[in-house]
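Shown here: my_file.cif, mmCIF, C-alpha atoms.
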data_upload
loop_
_atom_site.label_atom_id
_atom_site.label_comp_id
_atom_site.auth_asym_id
_atom_site.auth_seq_id
_atom_site.Cartn_x
_atom_site.Cartn_y
_atom_site.Cartn_z
CA MET T 1 82.37 144.41 109.35
CA VAL T 2 82.73 140.67 108.75
CA ARG T 3 83.32 141.39 105.11
CA ARG T 4 85.98 143.94 105.97
CA LEU T 5 87.74 141.29 108.05
CA ALA T 6 87.53 138.83 105.19
CA TYR T 7 89.81 141.12 103.20
CA LEU T 8 92.42 140.69 105.91
CA LEU T 9 92.38 136.94 105.46
CA PRO T 10 94.85 136.76 102.54
CA PHE T 11 97.19 139.02 104.44
CA LEU T 12 97.01 136.80 107.51
CA LEU T 13 97.66 133.76 105.33
CA LEU T 14 100.68 135.50 103.86
CA VAL T 15 102.04 136.26 107.32
CA ILE T 16 101.62 132.64 108.39
CA VAL T 17 103.23 131.23 105.26
CA ALA T 18 106.06 133.79 105.35
CA GLY T 19 106.68 133.03 109.01
CA TYR T 20 106.83 129.34 108.22
CA PHE T 21 109.34 129.89 105.45
CA LEU T 22 111.41 132.23 107.59
CA PHE T 23 111.53 129.56 110.27
CA GLY T 24 112.67 127.09 107.63
CA LEU T 25 115.40 129.46 106.47
CA GLU T 26 116.81 129.68 109.96
CA ARG T 27 117.07 125.95 110.27
CA ASP T 28 120.24 124.22 109.19
CA PRO T 29 119.50 121.63 106.50
CA GLY T 30 122.85 120.05 107.28
CA GLU T 31 121.77 119.32 110.82
CA LEU T 32 121.58 115.60 111.08
CA PRO T 33 119.08 114.01 113.39
CA SER T 34 120.31 111.05 115.40
CA ALA T 35 118.04 108.11 116.05
CA LEU T 36 120.09 107.34 119.15
CA LEU T 37 119.22 110.38 121.26
CA GLY T 38 117.73 109.29 124.58
CA LYS T 39 118.51 105.67 123.82
CA PRO T 40 121.17 103.39 125.31
CA VAL T 41 124.49 103.13 123.52
CA PRO T 42 124.36 100.50 120.79
CA ALA T 43 125.95 97.11 121.19
CA PHE T 44 129.49 96.97 119.85
CA ASP T 45 132.77 95.32 120.71
CA LEU T 46 135.91 96.63 119.10
CA PRO T 47 139.48 95.34 119.26
CA ALA T 48 142.33 97.57 120.34
CA LEU T 49 144.32 99.63 117.94
CA THR T 50 147.46 97.55 117.95
CA GLY T 51 150.42 99.55 119.09
CA ALA T 52 148.28 102.40 120.37
CA THR T 53 149.85 104.66 122.93
CA ALA T 54 147.01 104.22 125.41
CA SER T 55 144.93 101.16 126.15
CA GLU T 56 145.55 97.80 124.55
CA ASP T 57 142.14 96.53 125.54
CA GLY T 58 139.89 97.82 122.81
CA MET T 59 136.47 99.08 123.68
CA ASN T 60 132.92 97.83 123.97
CA THR T 61 129.45 98.75 125.17
CA ASP T 62 130.27 97.93 128.80
CA ASP T 63 132.91 100.67 128.92
CA LEU T 64 130.18 103.23 128.31
CA THR T 65 127.53 101.85 130.64
CA SER T 66 129.72 101.51 133.73
CA GLY T 67 130.98 104.23 136.06
CA ARG T 68 129.35 107.49 137.10
CA ASP T 69 131.16 109.84 134.78
CA VAL T 70 129.98 111.58 131.65
CA LYS T 71 131.55 109.89 128.66
CA LEU T 72 132.40 111.33 125.31
CA VAL T 73 132.74 109.06 122.32
CA ASN T 74 134.71 110.54 119.46
CA PHE T 75 134.88 108.91 116.05
CA PHE T 76 138.14 109.84 114.36
CA ALA T 77 140.53 108.77 111.63
CA SER T 78 144.05 109.76 110.69
CA TRP T 79 142.91 110.41 107.10
CA CYS T 80 140.29 112.88 108.24
CA VAL T 81 141.36 116.51 108.14
CA PRO T 82 138.59 117.95 110.35
CA CYS T 83 139.56 115.37 112.99
CA ARG T 84 142.94 116.99 113.12
CA ALA T 85 141.30 120.38 113.44
CA GLU T 86 139.20 119.35 116.43
CA HIS T 87 142.01 117.39 118.09
CA PRO T 88 143.09 120.20 120.48
CA LEU T 89 139.48 120.56 121.66
CA ILE T 90 139.17 116.83 122.20
CA THR T 91 142.37 116.94 124.22
CA ARG T 92 141.03 119.80 126.31
CA LEU T 93 137.73 118.03 126.96
CA ALA T 94 139.55 114.81 127.86
CA GLY T 95 141.40 116.70 130.56
CA MET T 96 138.21 117.85 132.27
CA ASP T 97 137.20 116.50 135.66
CA GLY T 98 134.47 113.91 135.60
CA VAL T 99 134.66 113.46 131.85
CA ARG T 100 136.02 110.36 130.18
CA MET T 101 137.06 110.44 126.55
CA PHE T 102 136.69 107.37 124.37
CA GLY T 103 137.86 107.12 120.80
CA ILE T 104 136.65 104.98 117.95
CA ASN T 105 139.14 104.85 115.13
CA TYR T 106 137.04 104.68 111.98
CA LYS T 107 138.18 102.80 108.88
CA ASP T 108 141.83 103.50 109.45
CA ALA T 109 145.06 101.61 109.02
CA PRO T 110 146.32 100.89 112.58
CA GLU T 111 149.85 102.10 111.83
CA ASP T 112 148.51 105.38 110.42
CA ALA T 113 146.30 105.91 113.45
CA THR T 114 149.11 105.12 115.85
CA GLY T 115 151.48 107.51 114.10
CA TRP T 116 148.80 110.22 114.12
CA LEU T 117 148.25 109.80 117.87
CA GLN T 118 151.97 109.81 118.57
CA ARG T 119 152.45 113.03 116.65
CA LEU T 120 149.43 114.90 118.02
CA GLY T 121 149.04 113.23 121.40
CA ASP T 122 146.54 110.58 122.50
CA PRO T 123 143.64 112.06 124.46
CA TYR T 124 141.65 108.83 124.63
CA GLU T 125 141.24 106.60 127.65
CA ARG T 126 140.41 103.70 125.37
CA ILE T 127 140.34 103.30 121.65
CA GLY T 128 138.36 100.79 119.64
CA ALA T 129 139.45 100.07 116.09
CA ASP T 130 136.48 100.00 113.71
CA ARG T 131 138.22 98.87 110.56
CA THR T 132 135.09 97.88 108.65
CA GLY T 133 132.92 100.78 109.78
CA ARG T 134 130.31 98.39 111.19
CA ALA T 135 130.40 99.90 114.67
CA GLY T 136 129.97 103.26 112.95
CA ILE T 137 126.74 102.01 111.38
CA GLU T 138 125.55 100.75 114.77
CA TRP T 139 126.06 104.29 116.04
CA GLY T 140 124.42 105.72 112.96
CA ILE T 141 127.33 107.91 111.97
CA TYR T 142 127.57 109.59 108.58
CA GLY T 143 131.31 110.07 108.54
CA VAL T 144 134.11 111.33 110.73
CA PRO T 145 134.50 113.17 112.97
CA GLU T 146 131.42 112.66 115.10
CA THR T 147 131.11 113.06 118.83
CA PHE T 148 128.53 111.59 121.20
CA VAL T 149 127.81 112.50 124.80
CA VAL T 150 126.83 109.53 126.94
CA ASP T 151 125.50 110.01 130.45
CA ALA T 152 126.31 107.92 133.52
CA ASP T 153 123.53 105.46 132.69
CA GLY T 154 124.88 104.83 129.22
CA ILE T 155 122.17 106.88 127.49
CA VAL T 156 123.16 108.92 124.44
CA ARG T 157 122.41 112.56 125.22
CA MET T 158 123.95 114.46 122.34
CA ARG T 159 125.38 113.81 118.96
CA HIS T 160 127.48 116.19 116.96
CA ALA T 161 128.32 115.39 113.35
CA GLY T 162 131.40 117.12 112.04
CA PRO T 163 134.29 118.69 113.90
CA LEU T 164 133.68 120.29 117.27
CA THR T 165 134.25 124.01 117.34
CA PRO T 166 134.89 126.23 120.37
CA GLU T 167 131.40 127.70 119.87
CA ILE T 168 129.66 124.33 119.97
CA VAL T 169 131.70 123.26 122.97
CA GLU T 170 130.87 126.47 124.84
CA ARG T 171 127.24 126.71 123.81
CA GLU T 172 126.09 123.10 123.82
CA LEU T 173 128.61 120.59 125.04
CA LEU T 174 129.81 122.17 128.28
CA PRO T 175 126.33 123.15 129.53
CA LEU T 176 125.12 119.61 128.84
CA ILE T 177 128.10 118.05 130.63
CA GLU T 178 127.50 120.35 133.58
CA GLU T 179 123.83 119.38 133.68
CA LEU T 180 124.65 115.68 133.50
CA GLN T 181 127.18 115.95 136.29
CA ARG T 182 124.66 117.40 138.68
CA MET Y 1 118.02 104.49 56.88
CA LYS Y 2 115.90 101.95 58.68
CA ARG Y 3 119.02 100.43 60.08
CA PHE Y 4 120.16 103.82 61.38
CA TRP Y 5 116.97 104.31 63.38
CA ALA Y 6 117.17 100.79 64.69
CA ALA Y 7 120.66 101.57 65.97
CA ILE Y 8 119.45 104.76 67.63
CA LEU Y 9 116.62 102.84 69.28
CA VAL Y 10 118.98 100.19 70.61
CA ALA Y 11 121.37 102.86 71.92
CA CYS Y 12 118.54 104.67 73.68
CA SER Y 13 117.19 101.56 75.32
CA LEU Y 14 120.70 100.67 76.46
CA LEU Y 15 121.17 104.11 77.95
CA ALA Y 16 117.78 103.98 79.63
CA SER Y 17 118.43 100.63 81.23
CA GLN Y 18 121.88 101.65 82.37
CA SER Y 19 120.66 104.27 84.87
CA SER Y 20 123.19 105.45 87.42
CA LEU Y 21 123.52 102.38 89.62
CA ALA Y 22 126.66 102.46 91.69
CA ILE Y 23 126.46 98.82 92.71
CA ARG Y 24 129.77 97.14 92.01
CA PRO Y 25 129.94 93.61 90.61
CA ASP Y 26 131.57 92.20 93.73
CA GLU Y 27 128.58 93.30 95.83
CA VAL Y 28 125.99 91.48 93.74
CA LEU Y 29 124.56 88.38 95.37
CA ALA Y 30 124.69 85.04 93.56
CA ASP Y 31 121.01 84.45 94.34
CA PRO Y 32 119.04 86.57 91.83
CA VAL Y 33 115.91 86.59 94.01
CA LEU Y 34 117.78 87.99 97.01
CA GLU Y 35 119.62 90.46 94.79
CA GLU Y 36 116.31 91.66 93.38
CA ARG Y 37 115.00 92.24 96.91
CA ALA Y 38 118.23 94.00 97.84
CA ARG Y 39 117.76 96.34 94.85
CA GLU Y 40 114.18 97.10 95.91
CA ILE Y 41 115.35 97.93 99.45
CA GLY Y 42 118.35 99.89 98.22
CA LYS Y 43 116.07 102.15 96.21
CA GLN Y 44 114.21 103.10 99.38
CA LEU Y 45 117.24 103.92 101.50
CA ARG Y 46 118.85 107.33 101.52
CA CYS Y 47 122.56 107.69 101.11
CA LEU Y 48 123.22 109.76 104.20
CA VAL Y 49 126.32 111.35 102.75
CA CYS Y 50 124.79 112.63 99.51
CA GLN Y 51 121.30 112.80 100.97
CA ASN Y 52 119.25 113.03 97.79
CA GLN Y 53 120.49 109.82 96.27
CA SER Y 54 119.51 106.31 97.18
CA ILE Y 55 122.25 104.01 98.39
CA ASP Y 56 122.03 102.16 95.08
CA ASP Y 57 122.80 105.35 93.18
CA SER Y 58 125.60 106.61 95.37
CA ASP Y 59 129.31 105.97 95.13
CA ALA Y 60 129.90 107.07 98.72
CA ASP Y 61 131.70 104.60 100.96
CA LEU Y 62 128.91 104.63 103.50
CA ALA Y 63 126.36 103.82 100.79
CA ARG Y 64 128.47 100.85 99.75
CA ASP Y 65 128.70 99.69 103.37
CA LEU Y 66 124.94 99.94 103.71
CA ARG Y 67 124.36 98.04 100.46
CA ILE Y 68 126.57 95.23 101.69
CA LEU Y 69 124.81 95.28 105.05
CA VAL Y 70 121.40 95.03 103.37
CA ARG Y 71 122.58 91.95 101.48
CA GLU Y 72 124.04 90.39 104.61
CA ARG Y 73 120.79 90.83 106.49
CA LEU Y 74 118.82 89.34 103.60
CA GLN Y 75 121.13 86.35 103.51
CA GLN Y 76 120.58 85.88 107.23
CA GLY Y 77 116.88 85.57 106.51
CA ASP Y 78 115.57 89.06 107.34
CA THR Y 79 112.37 90.14 105.63
CA ASP Y 80 112.43 93.37 103.62
CA ASP Y 81 110.62 95.19 106.42
CA GLU Y 82 113.09 93.91 108.98
CA VAL Y 83 115.99 95.26 106.95
CA LEU Y 84 114.29 98.67 106.67
CA ALA Y 85 113.52 98.65 110.41
CA TYR Y 86 117.14 97.79 111.13
CA MET Y 87 118.30 100.83 109.17
CA LYS Y 88 115.64 103.04 110.71
CA ALA Y 89 116.72 102.06 114.22
CA ARG Y 90 120.19 103.36 113.48
CA TYR Y 91 119.63 106.29 111.18
CA GLY Y 92 116.07 107.35 111.97
CA ASP Y 93 113.20 108.11 109.57
CA PHE Y 94 115.63 110.20 107.56
CA VAL Y 95 117.22 107.10 106.06
CA LEU Y 96 113.92 106.24 104.36
CA LEU Y 97 113.54 108.16 101.12
CA LYS Y 98 109.77 107.86 101.39
CA PRO Y 99 108.80 109.41 104.72
CA PRO Y 100 106.63 107.12 106.83
CA MET Y 101 103.06 108.11 107.69
CA GLY Y 102 102.85 109.44 111.24
CA PRO Y 103 101.71 112.42 113.30
CA VAL Y 104 104.92 114.27 112.41
CA THR Y 105 104.40 113.78 108.69
CA TYR Y 106 100.62 114.17 108.38
CA LEU Y 107 101.09 117.72 107.12
CA LEU Y 108 103.61 116.49 104.58
CA TRP Y 109 101.30 113.77 103.30
CA PHE Y 110 97.99 115.58 103.36
CA GLY Y 111 99.10 119.21 103.06
CA PRO Y 112 98.99 119.37 99.25
CA ALA Y 113 95.57 117.69 99.10
CA LEU Y 114 94.26 120.08 101.77
CA LEU Y 115 95.57 123.06 99.83
CA GLY Y 116 93.90 121.72 96.69
CA VAL Y 117 90.56 121.31 98.44
CA ALA Y 118 90.87 124.77 99.98
CA GLY Y 119 91.54 126.17 96.51
CA ILE Y 120 88.50 124.46 95.00
CA VAL Y 121 86.30 125.67 97.83
CA ALA Y 122 87.60 129.20 97.36
CA VAL Y 123 86.93 129.11 93.61
CA VAL Y 124 83.39 127.73 94.10
CA PHE Y 125 82.60 130.43 96.65
CA PHE Y 126 83.99 133.14 94.41
CA PHE Y 127 81.88 132.20 91.41
CA ARG Y 128 78.76 131.56 93.39
CA ARG Y 129 78.92 134.95 94.97
CA ASN Y 130 79.42 136.60 91.60
CA ARG Y 131 76.44 134.85 90.06
CA GLU Y 132 73.78 135.64 92.60
CA ARG Y 133 74.86 139.00 93.78
CA PRO Y 134 71.72 140.38 95.50
CA ASP Y 135 72.56 144.06 95.26
CA GLU Y 136 73.14 143.89 91.53
CA PRO Y 137 71.86 147.23 90.12
CA THR Y 138 68.71 146.82 88.03
CA LEU Y 139 67.51 149.18 85.31
CA THR Y 140 64.97 151.80 86.10
CA ASP Y 141 61.86 152.18 83.92
CA ALA Y 142 63.29 155.32 82.33
CA GLU Y 143 66.43 153.50 81.38
CA ARG Y 144 64.45 150.65 79.85
CA ARG Y 145 62.43 153.04 77.72
CA ARG Y 146 65.56 154.78 76.56
CA ILE Y 147 67.15 151.44 75.58
CA ALA Y 148 64.07 150.39 73.66
CA GLU Y 149 64.19 153.72 71.91
CA VAL Y 150 67.81 153.36 70.94
CA ILE Y 151 67.40 149.79 69.74
CA GLY Y 152 64.23 150.65 67.87
CA ASP Y 153 65.88 153.63 66.19
CA ARG Y 154 68.72 151.59 64.89
CA PRO Y 155 68.74 151.70 61.11
CA GLU Y 156 68.12 148.39 59.37
CA ALA Y 157 71.18 146.76 57.88
CA GLY Y 158 71.75 148.23 54.43
CA GLY Y 159 68.82 150.60 55.06
CA THR Y 160 70.35 153.77 53.79
#

Encoding of this model in structure tokens:
Amino acid sequence: MVRRLAYLLPFLLLVIVAGYFLFGLERDPGELPSALLGKPVPAFDLPALTGATASEDGMNTDDLTSGRDVKLVNFFASWCVPCRAEHPLITRLAGMDGVRMFGINYKDAPEDATGWLQRLGDPYERIGADRTGRAGIEWGIYGVPETFVVDADGIVRMRHAGPLTPEIVERELLPLIEELQR
Amino acid sequence: MKRFWAAILVACSLLASQSSLAIRPDEVLADPVLEERAREIGKQLRCLVCQNQSIDDSDADLARDLRILVRERLQQGDTDDEVLAYMKARYGDFVLLKPPMGPVTYLLWFGPALLGVAGIVAVVFFFRRNRERPDEPTLTDAERRRIAEVIGDRPEAGGT
């Protein structure tokens, strides 16, 4: 009997290994882990985008750690095509109750960014201009666009690299915002 | 002819030393010791855009930014480990090309060795079992006699 079972062993091993590989197949290798999740927003202090349609104050860490609202931080640039694609979604999210939208303009020429915002509309409450990309490194971004969800306590709760899509907004972003607002 | 081979040799060694470094001249530090340390660190950091290249090998903008940042931190007096920790705090373990040892990566580090040991154990067991198989059929007396008969009957070489 024991010997009979021993013959099953290779088969069991196969099932385990195949299951492991199948699990690996389902995972997205492009999914980028963020070291910031569950941690406070990094320290940064960015000047305003001169001539921006919205705030002239720039943006820093304090903006994200004060107030009770859920905050979204969106890294964008006028030279970035996917940013343009996600712009209507960003605008929609910015219009939501209890959500504040912050923008960090990444490695952009101020006049280009301003023109871009004037053409497409400026959804951001405040914009910080990160001309060198240093604030981007503090946030651990890989490129633009990237979007972070920050809770009322200034803790990073979600990071999405790449443009937001309606699916991601519906499936991940909105449920999280709802949960954080409770 | 000798000269031809010498030329080939020189060309090869030049090519070999060239590698694919993407570091631009304006990034290089004046202090050769610091630059050497920056190169060592750069080799260990992943370019997050191209992912399987180190930041020293990558032409991506972010890789360049990180290279410059590494050099800045070194100039401010950071140790090599502090620079790596700085990067890790922002980009996670993923930024390190060599994954750190930890509970999450034990399987990664020891998995191959474990598989090897398991294989050796399996092979040893297999051969041992084959050698001392207890129920190996033995010859009966009749069979032995018959064999002796056959061997005995065999004509001598060149007999006929």

Would you write out, as JSON lines, a table of all residues in chain Y that have an atom no more than 12 Å from an atom of chain T, listing for each the closest atom pair and the distance in Å to one decimal, considering only C-alpha atoms and ordering rows by chain and rising residue number?
{"residue": "Y:Arg46", "atom": "CA", "partner": "T:Tyr142", "partner_atom": "CA", "distance": 11.4}
{"residue": "Y:Cys47", "atom": "CA", "partner": "T:Tyr142", "partner_atom": "CA", "distance": 9.2}
{"residue": "Y:Leu48", "atom": "CA", "partner": "T:Tyr142", "partner_atom": "CA", "distance": 6.2}
{"residue": "Y:Val49", "atom": "CA", "partner": "T:Tyr142", "partner_atom": "CA", "distance": 6.2}
{"residue": "Y:Cys50", "atom": "CA", "partner": "T:Tyr142", "partner_atom": "CA", "distance": 10.0}
{"residue": "Y:Gln51", "atom": "CA", "partner": "T:Gly30", "partner_atom": "CA", "distance": 9.7}
{"residue": "Y:Ala60", "atom": "CA", "partner": "T:Gly143", "partner_atom": "CA", "distance": 10.4}
{"residue": "Y:Asp61", "atom": "CA", "partner": "T:Gly143", "partner_atom": "CA", "distance": 9.4}
{"residue": "Y:Leu62", "atom": "CA", "partner": "T:Tyr142", "partner_atom": "CA", "distance": 7.2}
{"residue": "Y:Ala63", "atom": "CA", "partner": "T:Tyr142", "partner_atom": "CA", "distance": 9.8}
{"residue": "Y:Arg64", "atom": "CA", "partner": "T:Gly133", "partner_atom": "CA", "distance": 11.0}
{"residue": "Y:Asp65", "atom": "CA", "partner": "T:Gly133", "partner_atom": "CA", "distance": 7.8}
{"residue": "Y:Leu66", "atom": "CA", "partner": "T:Ile137", "partner_atom": "CA", "distance": 8.1}
{"residue": "Y:Arg67", "atom": "CA", "partner": "T:Ile137", "partner_atom": "CA", "distance": 11.9}
{"residue": "Y:Ile68", "atom": "CA", "partner": "T:Arg134", "partner_atom": "CA", "distance": 10.7}
{"residue": "Y:Leu69", "atom": "CA", "partner": "T:Arg134", "partner_atom": "CA", "distance": 8.8}
{"residue": "Y:Val70", "atom": "CA", "partner": "T:Ile137", "partner_atom": "CA", "distance": 11.9}
{"residue": "Y:Ala85", "atom": "CA", "partner": "T:Ala35", "partner_atom": "CA", "distance": 11.9}
{"residue": "Y:Tyr86", "atom": "CA", "partner": "T:Glu138", "partner_atom": "CA", "distance": 9.6}
{"residue": "Y:Met87", "atom": "CA", "partner": "T:Gly140", "partner_atom": "CA", "distance": 8.7}
{"residue": "Y:Lys88", "atom": "CA", "partner": "T:Ala35", "partner_atom": "CA", "distance": 7.7}
{"residue": "Y:Ala89", "atom": "CA", "partner": "T:Ala35", "partner_atom": "CA", "distance": 6.5}
{"residue": "Y:Arg90", "atom": "CA", "partner": "T:Gly140", "partner_atom": "CA", "distance": 4.9}
{"residue": "Y:Tyr91", "atom": "CA", "partner": "T:Gly140", "partner_atom": "CA", "distance": 5.1}
{"residue": "Y:Gly92", "atom": "CA", "partner": "T:Ala35", "partner_atom": "CA", "distance": 4.6}
{"residue": "Y:Asp93", "atom": "CA", "partner": "T:Ala35", "partner_atom": "CA", "distance": 8.1}
{"residue": "Y:Phe94", "atom": "CA", "partner": "T:Pro33", "partner_atom": "CA", "distance": 7.8}
{"residue": "Y:Val95", "atom": "CA", "partner": "T:Gly140", "partner_atom": "CA", "distance": 10.1}
{"residue": "Y:Ala122", "atom": "CA", "partner": "T:Pro10", "partner_atom": "CA", "distance": 11.7}

For this file, the PyMOL selection byres ((chain Y and resi 54) around 8) selects which residues, as a ChimeraX atom specification?
/Y:42-47,51-53,55-58,97

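Put simply, the PyMOL selection byres ((chain T and resi 94) around 12) in this file takes in Asp69, Val70, Lys71, Leu72, Val73, Asn74, His87, Pro88, Leu89, Ile90, Thr91, Arg92, Leu93, Gly95, Met96, Asp97, Gly98, Val99, Arg100, Met101, Phe102, Gly103, Gly121, Asp122, Pro123, Tyr124, Glu125 and Arg126 of chain T.
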
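Between atom CA of Gln181 of chain T and atom CA of Arg68 of chain T the separation is 8.8 Å.
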
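Counting all atoms listed in the file and comparing Y:Val150, Y:Leu96, Y:Ile23, Y:Met101, the residue that lies closest to Asp59 of chain Y is Y:Ile23.
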
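Computed from the coordinates, the atom CA of Gly154 of chain T to atom CA of Gly58 of chain T distance equals 17.8 Å.
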
Between T:Arg157, T:Arg27, T:Arg84, T:Arg3, which one has atoms that come closest to Ile177 of chain T, using only C-alpha atoms?
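So, comparing all the options, the nearest one is T:Arg157.
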
Select, from T:Pro47, T:Gly67, T:Gly19, T:Pro10, the residue with the minimum atom-to-atom distance to Val150 of chain T, counting only C-alpha atoms.
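With only C-alpha atoms as the atom set, the closest residue is T:Gly67.
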
Please report the interatomic distance between atom CA of Leu13 of chain T and atom CA of Gly119 of chain Y in Å with one decimal.
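Computing the Euclidean distance for atom CA of Leu13 of chain T and atom CA of Gly119 of chain Y yields 13.1 Å.
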